[in-house]
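**Student:** mmCIF, C-alpha atoms, saved as final_19.cif, coming up:
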data_my_file
loop_
_atom_site.label_atom_id
_atom_site.label_comp_id
_atom_site.auth_asym_id
_atom_site.auth_seq_id
_atom_site.Cartn_x
_atom_site.Cartn_y
_atom_site.Cartn_z
CA MET A 25 0.00 0.00 0.00
CA ALA A 26 2.86 2.35 0.78
CA ASN A 27 4.32 1.73 -2.68
CA MET A 28 1.00 2.61 -4.30
CA LYS A 29 0.76 5.91 -2.40
CA ARG A 30 4.35 6.82 -3.19
CA SER A 31 3.92 5.94 -6.87
CA LEU A 32 0.71 7.99 -7.04
CA GLY A 33 2.51 10.98 -5.55
CA ILE A 34 5.33 10.63 -8.09
CA GLY A 35 2.82 10.46 -10.94
CA LEU A 36 1.06 13.64 -9.78
CA TRP A 37 4.40 15.40 -9.34
CA PHE A 38 5.47 14.49 -12.88
CA MET A 39 2.13 15.74 -14.22
CA PHE A 40 2.76 19.08 -12.52
CA LEU A 41 6.36 19.34 -13.80
CA THR A 42 5.52 18.51 -17.42
CA LEU A 43 2.40 20.67 -17.60
CA PRO A 44 3.99 23.57 -19.57
CA LEU A 45 5.80 21.21 -21.93
CA MET A 46 3.25 18.49 -22.63
CA VAL A 47 -0.04 20.36 -22.29
CA VAL A 48 0.47 23.93 -23.48
CA ARG A 49 1.21 24.34 -27.17
CA VAL A 50 1.38 27.67 -28.98
CA ASN A 51 0.12 27.59 -32.57
CA THR A 52 2.02 30.44 -34.23
CA ILE A 53 0.14 30.09 -37.52
CA ASN A 54 -3.35 30.57 -36.07
CA GLN A 55 -2.01 32.60 -33.11
CA GLU A 56 -3.82 30.55 -30.51
CA ILE A 57 -2.98 28.28 -27.58
CA GLU A 58 -3.84 24.58 -27.71
CA TRP A 59 -4.48 22.66 -24.49
CA ARG A 60 -3.57 18.97 -24.73
CA TRP A 61 -4.88 17.56 -21.46
CA SER A 62 -4.71 13.97 -22.68
CA ASN A 63 -0.91 14.20 -22.76
CA MET A 64 -0.84 15.07 -19.06
CA ILE A 65 -3.00 12.04 -18.26
CA TRP A 66 -0.65 9.75 -20.17
CA VAL A 67 2.37 11.26 -18.40
CA GLY A 68 0.73 10.58 -15.04
CA ILE A 69 -0.12 6.98 -15.94
CA CYS A 70 3.38 6.23 -17.28
CA ALA A 71 5.08 7.89 -14.31
CA PHE A 72 2.89 5.94 -11.88
CA ALA A 73 3.63 2.62 -13.64
CA ILE A 74 7.38 3.25 -13.80
CA ALA A 75 7.52 4.36 -10.16
CA TRP A 76 5.57 1.29 -9.02
CA LEU A 77 7.81 -1.05 -11.00
CA TRP A 78 10.82 0.73 -9.59
CA GLN A 79 9.69 0.28 -5.99
CA PHE A 80 8.70 -3.32 -6.69
CA SER A 81 12.13 -4.15 -8.14
CA ILE A 82 13.93 -2.49 -5.24
CA ASN A 83 11.90 -4.46 -2.69
CA ARG A 84 12.41 -7.66 -4.63
CA ARG A 85 16.17 -7.10 -4.79
CA ALA A 86 16.25 -6.44 -1.04
CA ASN A 87 14.36 -9.68 -0.39
CA GLN A 88 16.72 -11.64 -2.63
CA ARG A 89 19.72 -10.26 -0.80
CA ALA A 90 18.16 -11.20 2.50
CA HIS A 91 17.53 -14.77 1.29
CA VAL A 92 21.09 -15.08 -0.04
CA ALA A 93 22.52 -13.83 3.25
CA ALA A 94 20.41 -16.32 5.18
CA ASP A 95 21.12 -19.19 2.81
CA ALA A 96 23.37 -21.83 4.31
CA HIS A 97 24.59 -22.97 0.88
CA PRO A 98 25.91 -19.93 -1.03
CA GLU A 99 27.62 -22.11 -3.58
CA VAL A 100 24.28 -22.81 -5.26
CA GLU A 101 23.95 -19.16 -6.23
CA LYS A 102 23.53 -18.84 -9.97
CA LEU A 103 26.23 -17.11 -11.98
CA SER A 104 25.38 -14.46 -14.54
CA PHE A 105 26.03 -15.02 -18.20
CA ALA A 106 28.97 -12.60 -18.11
CA GLN A 107 30.56 -14.53 -15.24
CA ARG A 108 30.05 -17.85 -17.00
CA LEU A 109 31.47 -16.34 -20.18
CA ALA A 110 34.58 -15.23 -18.32
CA ASP A 111 35.03 -18.44 -16.30
CA ASP A 112 34.26 -20.95 -19.07
CA PRO A 113 36.91 -20.83 -21.84
CA VAL A 114 34.93 -23.19 -24.08
CA LEU A 115 31.82 -20.99 -23.94
CA SER A 116 33.83 -17.83 -24.51
CA LYS A 117 35.57 -19.32 -27.57
CA ARG A 118 32.25 -20.40 -29.08
CA VAL A 119 30.69 -16.98 -28.57
CA LEU A 120 33.80 -15.33 -29.99
CA LEU A 121 33.78 -17.54 -33.09
CA VAL A 122 30.08 -16.87 -33.74
CA ALA A 123 30.56 -13.11 -33.33
CA ALA A 124 33.63 -13.11 -35.59
CA ALA A 125 31.86 -15.12 -38.30
CA ALA A 126 28.82 -12.81 -38.18
CA ALA A 127 31.07 -9.73 -38.42
CA VAL A 128 32.99 -11.13 -41.41
CA VAL A 129 29.90 -11.98 -43.48
CA PHE A 130 27.91 -8.90 -42.43
CA PRO A 131 28.65 -6.73 -45.53
CA TRP A 132 27.58 -9.49 -47.90
CA LEU A 133 24.31 -10.12 -46.08
CA VAL A 134 23.03 -6.53 -45.82
CA SER A 135 24.67 -4.85 -48.82
CA THR A 136 23.11 -5.49 -52.21
CA GLY A 137 23.89 -3.53 -55.35
CA GLN A 138 24.46 0.13 -54.55
CA ASN A 139 22.71 -0.11 -51.18
CA PHE A 140 25.63 0.00 -48.75
CA TYR A 141 23.95 2.18 -46.14
CA HIS A 142 24.14 -0.49 -43.42
CA VAL A 143 27.85 -1.02 -44.05
CA ASN A 144 28.55 2.70 -43.59
CA VAL A 145 26.50 2.76 -40.40
CA MET A 146 28.43 -0.21 -39.04
CA VAL A 147 31.75 1.44 -39.93
CA SER A 148 30.77 4.48 -37.85
CA ALA A 149 29.69 2.22 -34.97
CA LEU A 150 32.95 0.25 -35.04
CA ILE A 151 34.94 3.50 -35.05
CA PHE A 152 33.23 4.42 -31.78
CA VAL A 153 33.91 0.92 -30.45
CA VAL A 154 37.64 1.60 -30.85
CA LEU A 155 37.21 5.03 -29.25
CA GLY A 156 35.33 3.49 -26.33
CA LEU A 157 38.01 0.85 -25.80
CA GLY A 158 40.71 3.51 -25.94
CA LEU A 159 38.97 5.71 -23.38
CA ASN A 160 38.37 2.60 -21.29
CA ILE A 161 42.13 2.48 -20.68
CA THR A 162 42.21 6.04 -19.35
CA VAL A 163 38.90 6.16 -17.48
CA GLY A 164 37.90 2.54 -16.90
CA LEU A 165 41.26 1.08 -15.88
CA ALA A 166 43.29 4.05 -14.63
CA GLY A 167 40.34 6.04 -13.26
CA LEU A 168 41.44 9.32 -14.90
CA LEU A 169 38.32 11.25 -15.91
CA ASP A 170 38.79 12.61 -19.44
CA LEU A 171 36.16 14.91 -20.98
CA GLY A 172 38.34 15.93 -23.92
CA TYR A 173 39.07 12.57 -25.48
CA ILE A 174 37.63 13.65 -28.82
CA ALA A 175 40.63 16.02 -29.22
CA PHE A 176 42.97 13.06 -29.80
CA PHE A 177 40.50 11.73 -32.35
CA ALA A 178 40.72 15.08 -34.17
CA VAL A 179 44.52 15.00 -34.02
CA GLY A 180 44.62 11.67 -35.87
CA ALA A 181 42.08 12.77 -38.48
CA TYR A 182 43.83 16.06 -39.23
CA THR A 183 47.22 14.32 -39.32
CA TYR A 184 46.10 12.16 -42.22
CA ALA A 185 44.27 15.00 -43.96
CA LEU A 186 47.27 17.34 -43.84
CA LEU A 187 49.89 14.74 -44.71
CA SER A 188 47.90 13.43 -47.68
CA LYS A 189 47.14 16.94 -48.92
CA ASN A 190 50.57 18.58 -48.47
CA PHE A 191 53.00 15.68 -48.75
CA ASP A 192 50.97 13.17 -50.80
CA LEU A 193 51.40 10.40 -48.24
CA GLY A 194 49.17 7.32 -48.47
CA PHE A 195 46.70 5.93 -45.98
CA TRP A 196 48.85 3.08 -44.72
CA THR A 197 51.79 5.40 -44.14
CA CYS A 198 49.67 7.90 -42.21
CA LEU A 199 47.83 5.28 -40.13
CA PRO A 200 50.63 4.67 -37.60
CA LEU A 201 51.64 8.33 -37.77
CA GLY A 202 48.15 9.36 -36.70
CA GLY A 203 48.34 7.02 -33.72
CA LEU A 204 51.78 8.33 -32.76
CA MET A 205 50.59 11.93 -33.00
CA GLY A 206 47.66 11.11 -30.73
CA MET A 207 50.06 9.46 -28.28
CA LEU A 208 52.32 12.53 -28.37
CA PHE A 209 49.44 14.86 -27.57
CA GLY A 210 48.34 12.49 -24.80
CA ILE A 211 51.77 12.80 -23.19
CA VAL A 212 51.72 16.60 -23.66
CA LEU A 213 48.36 16.75 -21.89
CA GLY A 214 49.42 14.32 -19.18
CA PHE A 215 52.55 16.11 -17.99
CA PRO A 216 50.92 19.27 -16.53
CA ILE A 217 48.06 17.43 -14.83
CA LEU A 218 49.87 14.59 -13.08
CA ARG A 219 48.77 15.75 -9.63
CA LEU A 220 45.20 16.69 -10.50
CA ARG A 221 42.25 14.51 -9.56
CA GLY A 222 38.50 14.37 -9.90
CA ASP A 223 36.68 17.51 -11.03
CA TYR A 224 39.89 19.47 -11.58
CA LEU A 225 41.18 16.81 -13.93
CA ALA A 226 37.88 16.80 -15.85
CA ILE A 227 37.96 20.60 -16.22
CA VAL A 228 41.51 20.58 -17.60
CA THR A 229 40.75 17.86 -20.16
CA LEU A 230 37.58 19.69 -21.19
CA GLY A 231 39.63 22.85 -21.66
CA PHE A 232 42.14 20.95 -23.78
CA ALA A 233 39.37 19.81 -26.13
CA SER A 234 37.99 23.36 -26.35
CA ILE A 235 41.44 24.77 -27.15
CA THR A 236 41.93 22.16 -29.86
CA LYS A 237 38.59 22.98 -31.49
CA ILE A 238 39.28 26.75 -31.36
CA VAL A 239 42.70 26.29 -32.98
CA LEU A 240 41.20 24.16 -35.76
CA GLU A 241 38.49 26.75 -36.41
CA ASN A 242 40.73 29.83 -36.48
CA TRP A 243 43.99 28.67 -38.07
CA ASP A 244 42.70 28.85 -41.62
CA THR A 245 46.05 28.64 -43.39
CA VAL A 246 46.89 25.24 -41.89
CA PHE A 247 43.67 23.50 -40.91
CA GLY A 248 41.23 25.14 -43.30
CA GLY A 249 39.24 26.83 -40.56
CA ALA A 250 35.52 26.19 -40.29
CA ALA A 251 35.44 25.01 -43.93
CA GLY A 252 37.57 22.02 -43.03
CA ILE A 253 39.52 19.81 -45.44
CA ALA A 254 37.81 18.03 -48.33
CA ASN A 255 38.75 15.37 -50.89
CA ILE A 256 40.65 13.23 -48.39
CA PRO A 257 41.70 10.03 -50.23
CA ARG A 258 40.17 6.70 -49.30
CA PRO A 259 42.37 3.72 -48.34
CA GLU A 260 44.06 2.21 -51.38
CA PHE A 261 44.08 -1.49 -52.17
CA PHE A 262 47.30 -2.25 -54.08
CA GLY A 263 46.55 0.55 -56.53
CA MET A 264 43.26 -1.00 -57.68
CA ALA A 265 40.30 1.21 -58.57
CA LEU A 266 37.30 0.53 -56.30
CA ASP A 267 33.71 1.68 -56.69
CA GLY A 268 31.62 3.16 -53.87
CA ARG A 269 30.39 -0.14 -52.43
CA GLN A 270 33.82 -1.78 -52.59
CA LYS A 271 35.41 1.18 -50.82
CA SER A 272 32.85 0.96 -48.01
CA VAL A 273 33.34 -2.80 -47.61
CA TYR A 274 37.12 -2.41 -47.70
CA THR A 275 36.97 0.31 -45.01
CA TYR A 276 34.65 -1.91 -42.98
CA TYR A 277 37.18 -4.75 -42.92
CA ILE A 278 39.98 -2.33 -42.01
CA VAL A 279 38.13 -0.96 -39.01
CA LEU A 280 36.97 -4.48 -38.07
CA ALA A 281 40.61 -5.62 -38.01
CA LEU A 282 41.45 -2.58 -35.89
CA VAL A 283 38.67 -3.50 -33.45
CA ALA A 284 40.08 -7.03 -33.13
CA LEU A 285 43.59 -5.64 -32.59
CA THR A 286 42.31 -3.17 -29.99
CA ILE A 287 40.51 -5.92 -28.07
CA LEU A 288 43.60 -8.12 -28.10
CA VAL A 289 45.97 -5.38 -26.98
CA THR A 290 43.70 -3.88 -24.31
CA ASN A 291 42.96 -7.32 -22.88
CA ARG A 292 46.69 -8.09 -22.66
CA LEU A 293 47.38 -4.68 -21.11
CA LYS A 294 44.58 -5.18 -18.60
CA ASN A 295 46.14 -8.38 -17.27
CA SER A 296 49.73 -7.13 -17.43
CA ARG A 297 51.88 -5.42 -14.83
CA ILE A 298 50.99 -1.94 -16.09
CA GLY A 299 47.30 -2.87 -16.14
CA ARG A 300 47.44 -3.89 -12.49
CA ALA A 301 49.17 -0.58 -11.74
CA TRP A 302 46.35 1.31 -13.52
CA MET A 303 43.67 -0.46 -11.50
CA ALA A 304 45.59 0.09 -8.26
CA LEU A 305 45.86 3.79 -9.14
CA ARG A 306 42.12 3.90 -9.79
CA GLU A 307 41.23 2.31 -6.47
CA ASP A 308 43.53 4.35 -4.20
CA GLU A 309 46.23 6.64 -5.54
CA ILE A 310 47.89 7.25 -2.16
CA ALA A 311 48.13 3.55 -1.32
CA CYS A 312 49.32 2.82 -4.86
CA VAL A 313 52.19 5.30 -4.59
CA ALA A 314 53.02 4.05 -1.08
CA MET A 315 53.44 0.53 -2.50
CA GLY A 316 56.14 1.78 -4.87
CA VAL A 317 54.18 2.34 -8.10
CA ASP A 318 55.56 5.19 -10.21
CA MET A 319 52.58 7.54 -10.42
CA ALA A 320 53.96 9.75 -13.19
CA ARG A 321 54.86 6.88 -15.50
CA THR A 322 51.58 5.06 -14.82
CA LYS A 323 49.39 8.09 -15.55
CA LEU A 324 51.37 9.10 -18.63
CA SER A 325 51.17 5.57 -20.03
CA ALA A 326 47.38 5.58 -19.54
CA TYR A 327 46.99 8.90 -21.36
CA ALA A 328 49.43 7.94 -24.11
CA LEU A 329 47.97 4.51 -24.87
CA GLY A 330 44.39 5.75 -24.69
CA ALA A 331 45.18 8.63 -27.05
CA PHE A 332 47.04 6.28 -29.41
CA TRP A 333 43.87 4.39 -30.34
CA ALA A 334 41.93 7.63 -30.79
CA GLY A 335 44.56 8.97 -33.19
CA LEU A 336 44.71 5.67 -35.04
CA VAL A 337 40.98 5.45 -35.65
CA GLY A 338 40.86 9.17 -36.44
CA VAL A 339 42.83 8.40 -39.61
CA ILE A 340 40.19 5.86 -40.63
CA PHE A 341 37.42 8.34 -39.84
CA ALA A 342 38.94 10.99 -42.12
CA ALA A 343 39.52 8.47 -44.91
CA HIS A 344 36.00 7.08 -44.65
CA ASN A 345 34.22 10.46 -44.70
CA ASN A 346 36.50 12.14 -47.27
CA PHE A 347 35.89 15.39 -45.38
CA ILE A 348 36.52 16.73 -41.87
CA ASN A 349 35.97 20.05 -40.15
CA PRO A 350 36.01 21.20 -36.49
CA ASP A 351 32.30 20.46 -36.14
CA SER A 352 33.09 16.77 -36.66
CA PHE A 353 34.67 16.74 -33.18
CA THR A 354 32.36 18.22 -30.56
CA PHE A 355 31.96 17.90 -26.82
CA MET A 356 28.84 15.80 -27.38
CA ASP A 357 31.04 13.14 -28.99
CA SER A 358 33.32 13.12 -25.94
CA ALA A 359 30.29 12.80 -23.66
CA MET A 360 28.94 9.97 -25.82
CA ILE A 361 32.23 8.05 -25.66
CA LEU A 362 32.37 8.53 -21.89
CA ALA A 363 28.77 7.30 -21.64
CA MET A 364 29.79 4.14 -23.53
CA VAL A 365 32.47 3.41 -20.94
CA VAL A 366 30.18 4.11 -17.99
CA LEU A 367 27.18 2.20 -19.35
CA GLY A 368 29.28 -0.74 -20.48
CA GLY A 369 31.11 -1.03 -17.17
CA MET A 370 34.32 0.61 -16.05
CA GLY A 371 37.18 -1.56 -17.25
CA SER A 372 34.94 -4.12 -18.97
CA ILE A 373 35.93 -4.71 -22.60
CA LEU A 374 32.81 -6.65 -23.58
CA GLY A 375 30.54 -4.17 -21.83
CA VAL A 376 32.10 -1.19 -23.64
CA ILE A 377 31.67 -2.93 -27.00
CA ILE A 378 27.98 -3.64 -26.35
CA ALA A 379 27.33 -0.10 -25.10
CA ALA A 380 29.14 1.47 -28.06
CA LEU A 381 27.18 -0.55 -30.59
CA ALA A 382 23.90 0.16 -28.81
CA LEU A 383 24.44 3.91 -28.47
CA LYS A 384 25.48 4.31 -32.10
CA LEU A 385 23.18 1.85 -33.86
CA LEU A 386 19.91 2.37 -32.00
CA PRO A 387 19.61 6.13 -32.71
CA GLU A 388 20.42 5.47 -36.37
CA TYR A 389 17.75 2.82 -36.79
CA LEU A 390 15.18 4.66 -34.65
CA ARG A 391 15.03 7.82 -36.74
CA ALA A 392 11.22 7.65 -36.63
CA PHE A 393 11.53 8.66 -32.96
CA ALA A 394 14.13 11.37 -33.61
CA GLU A 395 12.29 13.91 -31.44
CA TYR A 396 12.45 11.66 -28.40
CA ARG A 397 15.90 10.11 -28.78
CA MET A 398 17.64 12.37 -26.27
CA LEU A 399 14.72 11.99 -23.83
CA VAL A 400 15.01 8.20 -24.02
CA PHE A 401 18.80 8.41 -23.77
CA GLY A 402 18.60 10.50 -20.59
CA GLY A 403 16.04 8.15 -19.09
CA VAL A 404 18.19 5.11 -19.82
CA MET A 405 21.21 6.81 -18.20
CA VAL A 406 19.20 7.57 -15.06
CA LEU A 407 17.84 4.02 -14.82
CA MET A 408 21.31 2.54 -15.36
CA MET A 409 22.82 4.67 -12.60
CA ILE A 410 20.04 3.56 -10.24
CA PHE A 411 19.74 -0.16 -10.98
CA ARG A 412 23.17 -1.05 -12.42
CA PRO A 413 25.71 1.56 -11.33
CA GLN A 414 28.49 -0.91 -12.19
CA GLY A 415 27.44 -0.94 -15.87
CA LEU A 416 26.00 -3.57 -18.19
CA ILE A 417 28.82 -6.01 -17.48
CA ASN A 418 30.72 -5.62 -14.27
CA ASN A 419 34.50 -5.71 -14.53
CA MET A 420 35.26 -9.12 -13.06
CA ARG A 421 38.66 -9.58 -11.57
CA ARG A 422 40.66 -12.71 -12.19
CA LYS A 423 40.45 -15.14 -9.33
CA TYR A 424 43.36 -17.24 -8.14
CA GLU A 425 42.57 -20.43 -6.31
CA CYS A 426 44.88 -22.88 -4.57
CA ASP A 427 44.17 -26.35 -3.28
CA THR A 428 44.39 -26.80 0.47
CA VAL A 429 46.58 -29.65 1.68
CA GLU A 430 45.36 -31.57 4.65
CA GLY A 431 47.91 -32.98 7.00
CA ASN A 432 49.97 -32.25 10.05
CA HIS A 433 51.46 -28.91 11.10
CA ASP A 434 54.56 -29.54 8.99
CA GLY A 435 52.50 -29.47 5.78
CA GLU A 436 52.85 -33.23 5.11
CA LYS A 437 49.93 -35.31 4.08
#
Could you take the file, read its structure, and then write that structure out as structure tokens?
**Tutor:**
Amino acid sequence: MANMKRSLGIGLWFMFLTLPLMVVRVNTINQEIEWRWSNMIWVGICAFAIAWLWQFSINRRANQRAHVAADAHPEVEKLSFAQRLADDPVLSKRVLLVAAAAAVVFPWLVSTGQNFYHVNVMVSALIFVVLGLGLNITVGLAGLLDLGYIAFFAVGAYTYALLSKNFDLGFWTCLPLGGLMGMLFGIVLGFPILRLRGDYLAIVTLGFASITKIVLENWDTVFGGAAGIANIPRPEFFGMALDGRQKSVYTYYIVLALVALTILVTNRLKNSRIGRAWMALREDEIACVAMGVDMARTKLSAYALGAFWAGLVGVIFAAHNNFINPDSFTFMDSAMILAMVVLGGMGSILGVIIAALALKLLPEYLRAFAEYRMLVFGGVMVLMMIFRPQGLINNMRRKYECDTVEGNHDGEK
């Protein structure tokens, strides 16, 4: 009964808050005001239903926790799919093979004739997968909040655009150079902010992204200003001439290979010595330094390696679009990449991939609801922070188990 009263109060409160937006509508053509009272009723009903389900789920979760705590046999607790996927190597290999096979044949299943729209959409989504995995190193593993990550992406894109335009360098030559330039700017950003934390660190990185965008907009002689740089060459394939569909499919396989390489490298880094240092730094910086971890080197490596992947995929972005300008790299993109890391799970590779694909593909294929996309996005973020603050897939740490040896006090059986 208490839940019903509380849900009813929430519904009435939402009706009051949304009254000017959902009920009052000004018709500028006829110069009259329209009153849409039915919208307010629907808002109240939906708010009441969501609030009741919310309270019901919270009470149910509390009861489940109470039963688990009182259970005398905790080993019978069921594991989630993510835990089983991480603990069972056979299951993980099967899922990986199915996903790889589906990704390889994807262009040939959805692209027919000149209709390669789905391939281009997937290329954009995979580019953001790489960006999410790169930011996952800085934010998810090292715990260094970065609101200007899109600046490194712009550095890689403009590196390829300028080198191809002024020095006639090819895509494959500029690809590693774009990554190295992103890494260099990551180190340049990391040096002055080694001792900053939390909000101060976020403000500095946000300022770095703003400075980068202002420089790109106003230095016309080098970066083309607001007009940007056009006619950026696509990736070449042994000098062969490719049509529009073949170029899109070729770019798709390039970025797919980069996604596979990023997953492999980030997974190895996560379980390496430097990865453990990043996670220790994220948990407690003071204790980490007290244990002998070099804070400066650890932070700089996180910034450098995270920026490397942004610069690398920035080259592919410029080659795929054939055109870039400062408006291609906005703060909203940085916020979107950060949302992918948070929603997927801090430090979770699989979770970041799922979140990146969802946040890029769903808005594209739900264009019929374009007016409500940001409303739905905000609601999903709020619900995620309430019900799953750890993200879609929690970052599970590797467990080490040892067999106990029964025997006497000397350790003999």
**Student:** Find the residues around Asn190 (chain A) up to 12 Å (only C-alpha atoms counted), leave out those fewer than 4 positions away in its own chain, and share them as a list in words.
**Tutor:**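 Neighbouring residues, sequence-local ones excluded: Tyr182, Thr183, Tyr184, Ala185, Leu186, Gly194, Val246, Phe247, Ile253 and Ile256 of chain A.
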**Student:** What is the distance between CA of Pro257 (chain A) and CA of Met360 (chain A), in Å to one decimal?
**Tutor:**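 CA of Met360 (chain A) lies at a distance of 27.5 Å from CA of Pro257 (chain A).
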**Student:** Nearest to Lys29 (chain A) among A:Ala75, A:Asn346, A:Glu58, A:Met303, with distances taken over only C-alpha atoms: which residue is it?
**Tutor:** A:Ala75
**Student:** Under the PyMOL selection byres ((chain A and resi 202) around 6), which residues of this model are included? Write them out as a list in words.
**Tutor:**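 On the file shown, the PyMOL selection byres ((chain A and resi 202) around 6) covers Gly180, Thr183, Cys198, Leu199, Pro200, Leu201, Gly203, Leu204, Met205, Gly335 and Leu336 of chain A.
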**Student:** Could you name the residues that touch Ile340 (chain A) at 9 Å or less, counting all atoms listed in the file, but leaving out those on the same chain fewer than 4 positions away, as a PyMOL selection string?
**Tutor:** chain A and resi 151+180-181+184+195+199+258-259+275+278-279+336+344-345
**Student:** So that I can check the surroundings of region 129-135 of chain A, please list as a PyMOL selection string every protein, DNA and RNA residue that reaches within 12 Å of it, counting only C-alpha atoms and ignoring chain neighbours fewer than 4 positions away.
**Tutor:** chain A and resi 122-125+139-147+268-277+280
**Student:** Keeping only C-alpha atoms, write the selected residues as a PDB file, in the coordinates of the input.
**Tutor:**
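The new file part33.pdb reads:
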ATOM      1  CA  VAL A 122      30.080 -16.870 -33.740  1.00  0.00           C
ATOM      2  CA  ALA A 123      30.560 -13.110 -33.330  1.00  0.00           C
ATOM      3  CA  ALA A 124      33.630 -13.110 -35.590  1.00  0.00           C
ATOM      4  CA  ALA A 125      31.860 -15.120 -38.300  1.00  0.00           C
ATOM      5  CA  ASN A 139      22.710  -0.110 -51.180  1.00  0.00           C
ATOM      6  CA  PHE A 140      25.630   0.000 -48.750  1.00  0.00           C
ATOM      7  CA  TYR A 141      23.950   2.180 -46.140  1.00  0.00           C
ATOM      8  CA  HIS A 142      24.140  -0.490 -43.420  1.00  0.00           C
ATOM      9  CA  VAL A 143      27.850  -1.020 -44.050  1.00  0.00           C
ATOM     10  CA  ASN A 144      28.550   2.700 -43.590  1.00  0.00           C
ATOM     11  CA  VAL A 145      26.500   2.760 -40.400  1.00  0.00           C
ATOM     12  CA  MET A 146      28.430  -0.210 -39.040  1.00  0.00           C
ATOM     13  CA  VAL A 147      31.750   1.440 -39.930  1.00  0.00           C
ATOM     14  CA  GLY A 268      31.620   3.160 -53.870  1.00  0.00           C
ATOM     15  CA  ARG A 269      30.390  -0.140 -52.430  1.00  0.00           C
ATOM     16  CA  GLN A 270      33.820  -1.780 -52.590  1.00  0.00           C
ATOM     17  CA  LYS A 271      35.410   1.180 -50.820  1.00  0.00           C
ATOM     18  CA  SER A 272      32.850   0.960 -48.010  1.00  0.00           C
ATOM     19  CA  VAL A 273      33.340  -2.800 -47.610  1.00  0.00           C
ATOM     20  CA  TYR A 274      37.120  -2.410 -47.700  1.00  0.00           C
ATOM     21  CA  THR A 275      36.970   0.310 -45.010  1.00  0.00           C
ATOM     22  CA  TYR A 276      34.650  -1.910 -42.980  1.00  0.00           C
ATOM     23  CA  TYR A 277      37.180  -4.750 -42.920  1.00  0.00           C
ATOM     24  CA  LEU A 280      36.970  -4.480 -38.070  1.00  0.00           C
TER      25      LEU A 280
END
**Student:** Quote the spacing between CA of Ala328 (chain A) and CA of Phe215 (chain A) in Å to one decimal place.
**Tutor:**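 A separation of 10.7 Å between them.
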**Student:** Could you list the residues chosen by the PyMOL selection byres ((chain A and resi 319) around 12) in this structure as a PyMOL selection string?
**Tutor:** chain A and resi 166+214-215+217-220+298+301-302+304-306+308-318+320-326
**Student:** Can you work out the spacing between CA of Leu362 (chain A) and CA of Asn160 (chain A) in Å, to one decimal?
**Tutor:** 8.5 Å
**Student:** Have a look at A:Ile57, A:Ile410, A:Leu367, A:Val154 and name the one nearest to Ala281 (chain A); count only C-alpha atoms.
**Tutor:**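 When distances to Ala281 (chain A) are compared using only C-alpha atoms, the smallest one comes from A:Val154.
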**Student:** Calculated over all atoms listed in the file, which of the candidates A:Ala343, A:Leu407, A:Ala284, A:Ile53 has the smallest distance to Ile74 (chain A)?
**Tutor:**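 The closest residue to Ile74 (chain A) is A:Leu407.
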**Student:** Please determine, counting only C-alpha atoms, which residue among A:Thr197, A:Asn87, A:Thr162, A:Asn51 has the shortest atom-to-atom distance to Ala331 (chain A).
**Tutor:** A:Thr162
**Student:** Please return as an mmCIF file with C-alpha atoms, keeping the file's coordinate frame every residue within 6 Å of (29.8, 3.1, -34.1), taking into account all atoms listed in the file and the file's own coordinates.
**Tutor:**
data_model
loop_
_atom_site.group_PDB
_atom_site.id
_atom_site.type_symbol
_atom_site.label_atom_id
_atom_site.label_comp_id
_atom_site.auth_asym_id
_atom_site.auth_seq_id
_atom_site.Cartn_x
_atom_site.Cartn_y
_atom_site.Cartn_z
ATOM 1 C CA SER A 148 30.770 4.480 -37.850
ATOM 2 C CA ALA A 149 29.690 2.220 -34.970
ATOM 3 C CA LEU A 150 32.950 0.250 -35.040
ATOM 4 C CA ILE A 151 34.940 3.500 -35.050
ATOM 5 C CA PHE A 152 33.230 4.420 -31.780
ATOM 6 C CA VAL A 153 33.910 0.920 -30.450
ATOM 7 C CA LEU A 381 27.180 -0.550 -30.590
ATOM 8 C CA LYS A 384 25.480 4.310 -32.100
#
**Student:** Using all atoms listed in the file, list the residues that have an atom at most 12 Å from (26.6, 18.0, -24.3), coordinates as in the file, as a list in words.
**Tutor:** Leu171, Gly172, Leu230, Thr354, Phe355, Met356, Asp357, Ser358, Ala359, Met360, Ile361, Leu362, Ala363, Met398 and Gly402 of chain A
**Student:** Residues at most 12 Å from region 36-50 of chain A, counting all atoms listed in the file, excluding those fewer than 4 positions away in the same chain, as an MDAnalysis selection string?
**Tutor:** chainID A and resid 29:32 54:75
**Student:** Find the residue from A:Gly206, A:Gly248, A:Gly403, A:Gly167 that sits nearest to Ala226 (chain A); use only C-alpha atoms when measuring.
**Tutor:**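 Selected residue with least distance to Ala226 (chain A): A:Gly167.
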**Student:** Would you write out, as a PyMOL selection string, every residue that the PyMOL selection byres ((chain A and resi 250) around 9) captures in this file?
**Tutor:** chain A and resi 240-242+244+247-249+251-252+349-351
**Student:** Pick out the closest residue to Asn295 (chain A) from this set: A:Gly222, A:Gly371, A:Pro216, A:Gly158. Count only C-alpha atoms.
**Tutor:**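 Once distances to Asn295 (chain A) are computed over only C-alpha atoms, the minimum belongs to A:Gly371.
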